[in-house]
$ cat work33.txt   # compact mmCIF, C-alpha atoms
# COMPACT_ATOMS: atom_id res chain seq x y z
CA MET A 115 116.56 120.91 115.39
CA GLY A 116 117.16 117.15 115.65
CA ILE A 117 117.49 114.73 112.72
CA LEU A 118 113.92 113.40 113.18
CA GLU A 119 112.51 116.96 113.00
CA LYS A 120 114.58 117.70 109.88
CA ILE A 121 113.33 114.50 108.20
CA SER A 122 109.72 115.40 109.09
CA GLU A 123 110.14 118.94 107.68
CA ILE A 124 111.60 117.65 104.37
CA GLU A 125 108.85 115.01 104.00
CA LYS A 126 106.19 117.72 104.50
CA GLU A 127 107.96 119.96 101.96
CA ILE A 128 108.05 117.13 99.37
CA SER A 129 104.33 116.37 99.88
CA ARG A 130 103.48 120.09 99.48
CA THR A 131 105.55 120.58 96.30
CA GLN A 132 103.83 119.95 92.96
CA LYS A 133 105.70 117.61 90.64
CA ASN A 134 106.41 119.34 87.31
CA LYS A 135 109.33 120.43 85.14
CA ALA A 136 109.90 123.63 87.13
CA THR A 137 110.22 121.88 90.52
CA GLU A 138 112.23 118.77 89.53
CA TYR A 139 115.58 120.27 90.69
CA HIS A 140 114.09 121.42 93.99
CA LEU A 141 112.54 117.95 94.59
CA GLY A 142 115.80 116.20 93.65
CA LEU A 143 117.70 118.31 96.18
CA LEU A 144 115.11 117.60 98.90
CA LYS A 145 115.30 113.84 98.22
CA ALA A 146 119.11 113.94 98.43
CA LYS A 147 118.91 115.73 101.81
CA LEU A 148 116.26 113.25 103.03
CA ALA A 149 118.43 110.24 102.10
CA LYS A 150 121.44 111.85 103.84
CA TYR A 151 119.54 112.48 107.10
CA ARG A 152 118.02 108.98 107.06
CA SER A 153 121.48 107.39 106.69
CA GLN A 154 122.68 109.52 109.65
CA LEU A 155 119.73 108.25 111.68
CA LEU A 156 120.73 104.62 111.04
CA GLU A 157 124.35 105.15 112.10
CA PRO A 158 125.12 103.80 115.60
CA SER A 159 125.34 106.38 118.35
CA LYS A 160 128.88 107.57 119.13
CA SER A 161 128.10 108.09 122.83
CA ALA A 162 129.26 105.15 124.91
CA GLY A 163 126.38 103.39 126.57
CA ALA A 164 125.38 99.96 127.79
CA LYS A 165 125.49 97.44 125.00
CA GLY A 166 121.97 96.25 124.24
CA GLU A 167 120.96 92.68 123.50
CA GLY A 168 121.16 91.94 119.78
CA PHE A 169 118.65 89.96 117.76
CA ASP A 170 120.90 88.38 115.18
CA VAL A 171 121.60 84.65 115.20
CA MET A 172 124.35 82.76 113.38
CA LYS A 173 123.57 82.16 109.72
CA SER A 174 123.14 78.45 109.00
CA GLY A 175 121.70 76.18 106.32
CA ASP A 176 121.48 76.86 102.59
CA ALA A 177 119.44 80.09 102.77
CA ARG A 178 117.96 82.54 105.27
CA VAL A 179 114.36 83.80 105.30
CA ALA A 180 113.13 86.59 107.61
CA LEU A 181 109.51 86.84 108.80
CA ILE A 182 108.45 90.48 109.10
CA GLY A 183 105.04 91.78 110.08
CA PHE A 184 102.95 93.67 112.59
CA PRO A 185 102.18 92.05 115.97
CA SER A 186 99.58 89.25 116.02
CA VAL A 187 99.50 88.42 112.29
CA GLY A 188 100.51 84.76 112.78
CA LYS A 189 104.32 84.77 112.41
CA SER A 190 104.96 82.51 115.44
CA THR A 191 102.16 80.10 114.42
CA PHE A 192 103.66 79.94 110.92
CA LEU A 193 107.15 79.14 112.33
CA SER A 194 105.72 76.39 114.55
CA LEU A 195 103.83 74.85 111.57
CA MET A 196 106.75 74.94 109.11
CA THR A 197 109.62 73.95 111.43
CA ALA A 198 110.27 71.76 114.47
CA THR A 199 110.75 74.91 116.58
CA ALA A 200 107.93 75.90 118.93
CA SER A 201 107.52 79.68 119.07
CA GLU A 202 105.11 81.01 121.70
CA ALA A 203 101.84 82.14 120.11
CA ALA A 204 99.01 83.90 121.94
CA SER A 205 96.04 86.16 121.23
CA TYR A 206 97.80 89.27 122.58
CA GLU A 207 100.35 91.50 120.81
CA PHE A 208 104.16 91.31 121.24
CA THR A 209 104.19 87.64 122.27
CA THR A 210 107.60 87.29 120.58
CA LEU A 211 110.21 89.66 122.05
CA THR A 212 113.40 88.32 120.45
CA CYS A 213 114.53 86.56 117.25
CA ILE A 214 113.55 82.86 117.19
CA PRO A 215 115.23 80.71 114.49
CA GLY A 216 113.81 77.55 112.95
CA VAL A 217 114.78 75.29 110.03
CA ILE A 218 112.52 74.31 107.10
CA GLU A 219 113.61 71.02 105.51
CA TYR A 220 112.50 71.05 101.87
CA LYS A 221 113.84 69.15 98.82
CA GLY A 222 116.97 68.25 100.79
CA ALA A 223 117.73 71.88 101.65
CA ASN A 224 117.87 73.41 105.12
CA ILE A 225 116.26 76.87 105.00
CA GLN A 226 116.74 78.99 108.12
CA LEU A 227 113.51 80.80 109.07
CA LEU A 228 113.70 83.72 111.52
CA ASP A 229 110.63 84.71 113.52
CA LEU A 230 111.25 88.40 114.30
CA PRO A 231 109.28 90.48 116.84
CA GLY A 232 106.33 92.43 115.43
CA ILE A 233 107.30 95.88 114.18
CA ILE A 234 105.17 98.99 114.57
CA GLU A 235 104.79 102.24 112.65
CA GLY A 236 107.92 104.34 113.16
CA ALA A 237 110.19 101.27 113.46
CA ALA A 238 112.78 102.90 111.18
CA GLN A 239 113.21 105.65 113.79
CA GLY A 240 113.81 103.01 116.49
CA LYS A 241 110.30 102.58 117.93
CA GLY A 242 109.60 99.15 119.44
CA ARG A 243 113.18 97.91 118.82
CA GLY A 244 112.39 98.31 115.14
CA ARG A 245 115.98 99.04 114.13
CA GLN A 246 117.27 95.70 115.45
CA VAL A 247 114.46 93.83 113.66
CA ILE A 248 115.16 95.58 110.35
CA ALA A 249 118.94 95.07 110.74
CA VAL A 250 118.38 91.29 110.90
CA ALA A 251 116.03 91.46 107.88
CA ARG A 252 118.87 93.05 105.82
CA THR A 253 120.93 89.84 106.23
CA ALA A 254 118.19 87.56 104.80
CA ASP A 255 118.03 86.13 101.26
CA VAL A 256 114.24 86.55 101.08
CA VAL A 257 111.78 88.51 103.23
CA ILE A 258 108.35 87.03 103.97
CA MET A 259 106.03 89.91 104.82
CA MET A 260 103.28 88.40 106.94
CA LEU A 261 100.03 90.36 106.61
CA ASP A 262 96.59 90.07 108.17
CA ALA A 263 94.12 89.50 105.30
CA THR A 264 91.31 91.08 107.35
CA LYS A 265 93.16 94.43 107.50
CA GLY A 266 93.25 95.07 103.73
CA ASP A 267 96.30 96.84 102.24
CA VAL A 268 97.05 99.17 105.19
CA GLN A 269 99.69 96.92 106.77
CA ARG A 270 101.46 96.26 103.47
CA GLU A 271 101.79 99.98 102.66
CA LEU A 272 103.08 100.85 106.15
CA LEU A 273 105.66 98.03 106.19
CA GLU A 274 106.89 98.86 102.67
CA LYS A 275 107.36 102.48 103.77
CA GLU A 276 109.34 101.44 106.88
CA LEU A 277 111.65 99.12 104.91
CA GLU A 278 112.08 101.72 102.13
CA THR A 279 113.16 104.27 104.77
CA VAL A 280 116.03 102.06 105.99
CA GLY A 281 117.29 101.27 102.50
CA ILE A 282 115.69 97.85 101.82
CA ARG A 283 114.38 97.73 98.24
CA LEU A 284 111.82 94.94 97.77
CA ASN A 285 111.46 93.04 94.47
CA ARG A 286 113.68 95.53 92.66
CA THR A 287 117.06 95.20 90.96
CA LYS A 288 120.03 97.50 91.44
CA PRO A 289 119.89 100.44 88.98
CA ASN A 290 122.28 100.07 86.04
CA ILE A 291 124.25 103.25 86.80
CA TYR A 292 128.05 103.45 86.84
CA PHE A 293 129.36 105.88 89.48
CA LYS A 294 132.99 106.47 90.46
CA PRO A 295 134.34 109.43 92.50
CA LYS A 296 137.56 111.02 91.14
CA LYS A 297 140.29 113.20 92.63
CA GLY A 298 139.92 115.92 89.98
CA GLY A 299 138.56 116.82 86.56
CA GLY A 300 135.01 117.81 87.54
CA LEU A 301 131.90 115.86 86.55
CA SER A 302 131.96 113.44 83.61
CA TYR A 303 128.30 112.74 82.74
CA ASN A 304 127.09 110.34 80.01
CA SER A 305 124.12 108.10 79.20
CA THR A 306 123.59 105.24 76.74
CA VAL A 307 119.78 105.72 76.70
CA PRO A 308 117.50 108.80 76.49
CA LEU A 309 116.80 110.06 80.03
CA THR A 310 113.34 111.36 81.00
CA HIS A 311 113.78 111.71 84.79
CA CYS A 312 117.36 112.94 85.31
CA SER A 313 119.50 115.66 83.72
CA GLU A 314 123.14 116.70 84.11
CA LYS A 315 122.16 119.71 86.22
CA LEU A 316 120.03 117.58 88.59
CA VAL A 317 122.83 114.97 88.95
CA GLN A 318 125.29 117.79 89.71
CA LEU A 319 122.98 119.27 92.39
CA ILE A 320 122.58 115.88 94.09
CA LEU A 321 126.35 115.26 94.02
CA HIS A 322 127.03 118.73 95.49
CA GLU A 323 124.66 117.93 98.37
CA TYR A 324 126.97 114.99 99.20
CA LYS A 325 130.09 117.23 98.81
CA ILE A 326 131.14 115.35 95.64
CA PHE A 327 132.51 117.64 92.92
CA ASN A 328 134.63 115.25 90.83
CA ALA A 329 133.03 112.04 89.61
CA GLU A 330 132.27 109.84 86.61
CA VAL A 331 128.56 109.04 86.06
CA LEU A 332 127.17 106.79 83.31
CA PHE A 333 123.44 105.98 83.04
CA ARG A 334 122.77 102.67 81.26
CA GLU A 335 119.01 102.86 81.89
CA ASP A 336 116.34 105.54 82.33
CA SER A 337 116.59 105.91 86.13
CA THR A 338 114.85 108.29 88.55
CA PRO A 339 116.64 110.69 90.94
CA ASP A 340 115.75 108.31 93.83
CA GLU A 341 117.54 105.43 92.08
CA PHE A 342 120.60 107.60 91.43
CA ILE A 343 120.69 108.55 95.14
CA ASP A 344 120.52 104.82 96.03
CA VAL A 345 123.61 104.16 93.87
CA LEU A 346 125.34 107.20 95.40
CA VAL A 347 124.68 106.09 99.00
CA GLY A 348 125.77 102.53 98.17
CA SER A 349 124.29 100.84 101.26
CA ARG A 350 120.96 99.80 99.74
CA VAL A 351 119.90 96.14 99.90
CA TYR A 352 117.90 94.69 96.99
CA MET A 353 116.02 91.53 97.94
CA PRO A 354 113.00 89.48 96.86
CA CYS A 355 109.91 89.72 99.06
CA LEU A 356 106.89 87.42 99.32
CA TYR A 357 103.67 89.01 100.61
CA VAL A 358 101.85 86.32 102.61
CA TYR A 359 98.24 87.07 103.57
CA ASN A 360 97.27 85.02 106.62
CA LYS A 361 93.76 84.41 108.09
CA VAL A 362 92.06 84.10 104.67
CA ASP A 363 89.46 81.82 106.31
CA GLN A 364 87.97 84.98 107.88
CA ILE A 365 87.33 86.92 104.61
CA SER A 366 85.08 86.44 101.55
CA ILE A 367 86.14 84.27 98.58
CA GLU A 368 86.10 87.37 96.32
CA GLU A 369 88.60 89.14 98.60
CA VAL A 370 90.80 85.98 98.69
CA ASP A 371 90.78 85.91 94.88
CA ARG A 372 91.76 89.62 94.71
CA LEU A 373 94.66 89.20 97.13
CA ALA A 374 95.92 85.99 95.47
CA ARG A 375 96.11 87.72 92.06
CA ARG A 376 98.36 90.52 93.34
CA PRO A 377 102.03 90.27 92.25
CA HIS A 378 104.41 88.46 94.65
CA SER A 379 101.46 87.44 96.87
CA VAL A 380 100.36 84.14 98.44
CA VAL A 381 97.22 83.59 100.55
CA ILE A 382 97.31 81.12 103.47
CA SER A 383 95.57 80.23 106.72
CA CYS A 384 97.83 79.05 109.57
CA GLY A 385 94.79 78.28 111.71
CA MET A 386 93.41 75.80 109.14
CA SER A 387 96.79 74.89 107.49
CA LEU A 388 95.58 76.06 104.06
CA ASN A 389 97.90 76.57 101.02
CA LEU A 390 101.15 76.05 102.96
CA ASP A 391 102.52 73.62 100.32
CA TYR A 392 102.11 76.21 97.56
CA LEU A 393 103.85 78.80 99.76
CA LEU A 394 106.85 76.46 100.15
CA GLU A 395 107.05 75.94 96.36
CA THR A 396 106.90 79.70 95.75
CA LEU A 397 109.54 80.34 98.44
CA TRP A 398 111.85 77.81 96.74
CA GLU A 399 111.50 79.74 93.46
CA TYR A 400 112.23 83.08 95.15
CA LEU A 401 115.34 81.66 96.85
CA ALA A 402 116.57 80.51 93.39
CA LEU A 403 117.96 77.23 94.78
CA ILE A 404 118.72 74.12 92.71
CA CYS A 405 119.39 70.51 93.72
CA ILE A 406 122.45 68.76 92.25
CA TYR A 407 122.90 65.00 92.69
CA THR A 408 126.18 63.13 92.19
CA LYS A 409 126.51 59.59 90.81
CA LYS A 410 129.25 57.00 90.64
CA ARG A 411 130.20 55.61 87.21
CA GLY A 412 127.85 52.82 86.17
CA GLU A 413 125.45 53.41 89.10
CA ARG A 414 122.20 55.29 89.53
CA PRO A 415 122.35 58.75 91.20
CA ASP A 416 121.65 59.00 94.94
CA PHE A 417 118.53 61.19 95.17
CA ASN A 418 118.62 61.22 98.98
CA ASP A 419 121.71 63.41 99.27
CA ALA A 420 121.54 66.66 97.28
CA ILE A 421 124.10 69.43 96.90
CA ILE A 422 122.14 72.69 97.21
CA MET A 423 123.41 75.54 95.02
CA ARG A 424 122.14 78.91 93.80
CA ARG A 425 120.70 79.18 90.30
CA GLY A 426 123.51 80.19 87.91
CA ALA A 427 126.21 78.21 89.75
CA SER A 428 128.95 76.67 87.58
CA VAL A 429 130.61 73.23 87.76
CA GLU A 430 133.56 74.93 89.49
CA HIS A 431 131.25 76.16 92.29
CA VAL A 432 130.01 72.57 92.78
CA CYS A 433 133.64 71.32 92.97
CA HIS A 434 134.45 73.86 95.68
CA ARG A 435 131.31 72.80 97.58
CA ILE A 436 132.41 69.12 97.56
CA HIS A 437 136.06 69.81 98.50
CA ARG A 438 138.34 72.83 98.14
CA THR A 439 141.12 70.80 96.40
CA LEU A 440 138.83 69.15 93.83
CA ALA A 441 138.75 72.08 91.37
CA SER A 442 142.54 72.16 90.88
CA GLN A 443 142.64 68.43 89.90
CA PHE A 444 139.38 68.53 87.93
CA LYS A 445 139.35 67.44 84.26
CA TYR A 446 135.72 67.11 83.07
CA ALA A 447 132.15 66.46 84.22
CA LEU A 448 129.17 64.66 82.72
CA VAL A 449 125.99 66.67 83.32
CA TRP A 450 122.37 65.55 83.01
CA VAL A 451 119.47 67.98 83.45
CA SER A 452 115.89 67.27 84.59
CA SER A 453 114.39 68.87 81.45
CA GLY A 454 115.78 66.07 79.25
CA PHE A 455 118.05 63.06 79.20
CA GLN A 456 120.79 64.67 77.11
CA ARG A 457 124.25 64.23 78.55
CA GLN A 458 126.65 67.18 78.21
$ encode --input "work33.txt" --output "structure tokens"
Amino acid sequence: MGILEKISEIEKEISRTQKNKATEYHLGLLKAKLAKYRSQLLEPSKSAGAKGEGFDVMKSGDARVALIGFPSVGKSTFLSLMTATASEAASYEFTTLTCIPGVIEYKGANIQLLDLPGIIEGAAQGKGRGRQVIAVARTADVVIMMLDATKGDVQRELLEKELETVGIRLNRTKPNIYFKPKKGGGLSYNSTVPLTHCSEKLVQLILHEYKIFNAEVLFREDSTPDEFIDVLVGSRVYMPCLYVYNKVDQISIEEVDRLARRPHSVVISCGMSLNLDYLLETLWEYLALICIYTKKRGERPDFNDAIIMRRGASVEHVCHRIHRTLASQFKYALVWVSSGFQRQ
């Protein structure tokens, strides 16, 4: 039995099993096996074959955004509208067959936008070059999931499932679980909060499935078995995602209102260039970028040349960005913030 058949069998078993106190250990074990087989599926083949053409392009600019969606949802039209790059757009599916990069210039920042080929159901198993597309998406800072507003929520659910399968966790933070394998001493299990989803026995079963018998585990939050498996595997990517519903000019105003009120969602129309400014503002917030302007003593700051940094950056980070030797000779800085005129 191949890996795909094993994955299919386990998924059917999980869907058949009722979720209650008596079956939680059985379900935990099945989920651990499922995660193990999925990670094996994503590993590159050991058999030597002709090297295929990759999708990835060199990372450039201040941030990278990946456009993911089914064929013919408007990804190429969106790239052509937002950047100076012309991506071929047509009324038939699979117009884009490789990764096409463009650059959005916004608030002095250069944001790299990648137009990826449309992915289909089963992309995680390699259908339609889905693995290459998803591999590029893992390197992005933010994922824009382009959806057809006329198709309802079907596309969103299918894409979320595909990305979840390959270890991309959208709009979630890494679970606060400390895990460290040891050479001996058995399992050391502790928690700083009451746990409602996991128990010591369940954690032990999951660890045994991965052939780990000596480890230190500390739960700092009430996590599920799936979240513990994510920490155990260690290759999960946690990234913000913006759900962009295109073609809203073809649906009713009530449906537009419903989609716009969903969390992490923006409604646009590439055909009529509607709401693109708001999408750019929202994207800026999701990228968590800030503009820093320098000024000479006694002169006004130059607002045409910004230093783009991530939110949470320190003065030392800014020094390194200007020149690598500046931090070692640095004495002090005068800082003004946009929220007030107080100098610090």
$ residues_near_point --input "work33.txt" --point "(112.7, 91.2, 113.3)" --cutoff "7 Å" --atoms "only C-alpha atoms" --output "PyMOL selection string"
chain A and resi 182+213+229-232+246-248+250-251
$ residues_around --input "work33.txt" --residues "stretch 320-333 of chain A" --least-positions-apart "5" --cutoff "8 Å" --atoms "only C-alpha atoms" --output "ChimeraX atom specification"
/A:142-143,146-147,150,290-307,343
$ axis_aligned_box --input "work33.txt" --around "stretch 371-383 of chain A" --padding-each-side "8 Å" --output "lines of an AutoDock Vina configuration file"
center_x = 97.6
center_y = 85.4
center_z = 99.4
size_x = 29.6
size_y = 26.3
size_z = 30.7
$ residues_around --input "work33.txt" --residues "stretch 344-358 of chain A" --least-positions-apart "4" --cutoff "6 Å" --atoms "only C-alpha atoms" --output "list in words"
Val256, Val257, Ile258, Met259, Met260, Leu261, Gly281, Ile282, Arg283, Leu284, Asn285, His378, Ser379, Val380 and Val381 of chain A
$ atom_distance --input "work33.txt" --atom1 "atom CA of A:Val370" --atom2 "atom CA of A:Leu394"
18.7 Å
$ closest_residue --input "work33.txt" --among "A:Lys445, A:Lys315, A:Arg435, A:Arg152" --to "A:Glu276" --atoms "all atoms listed in the file"
A:Arg152
$ closest_residue --input "work33.txt" --among "A:His434, A:Glu413, A:Ala263, A:Asn418" --to "A:Arg372" --atoms "all atoms listed in the file"
A:Ala263
$ closest_residue --input "work33.txt" --among "A:Gln269, A:Asp176, A:Gly183, A:Ile421" --to "A:Ala254" --atoms "all atoms listed in the file"
A:Asp176
$ residues_around --input "work33.txt" --residues "A:Ser174" --least-positions-apart "5" --cutoff "12 Å" --atoms "all atoms listed in the file" --output "JSON, numbers by chain"
{"A": [179, 215, 216, 217, 218, 223, 224, 225, 226, 227, 228, 253, 254]}
$ atom_distance --input "work33.txt" --atom1 "atom CA of A:Ser190" --atom2 "atom CA of A:Ile404"
27.9 Å
$ residues_around --input "work33.txt" --residues "A:Gly266" --least-positions-apart "2" --cutoff "12 Å" --atoms "all atoms listed in the file" --output "list of chain:residue names"
A:Leu261, A:Asp262, A:Ala263, A:Thr264, A:Val268, A:Gln269, A:Arg270, A:Glu271, A:Leu272, A:Tyr359, A:Asn360, A:Lys361, A:Val362, A:Ile365, A:Glu369, A:Val370, A:Arg372, A:Leu373
$ atom_distance --input "work33.txt" --atom1 "atom CA of A:Lys120" --atom2 "atom CA of A:Glu314"
27.2 Å
$ closest_residue --input "work33.txt" --among "A:Ala149, A:Val449, A:Met386, A:Leu401" --to "A:Glu341" --atoms "all atoms listed in the file"
A:Ala149
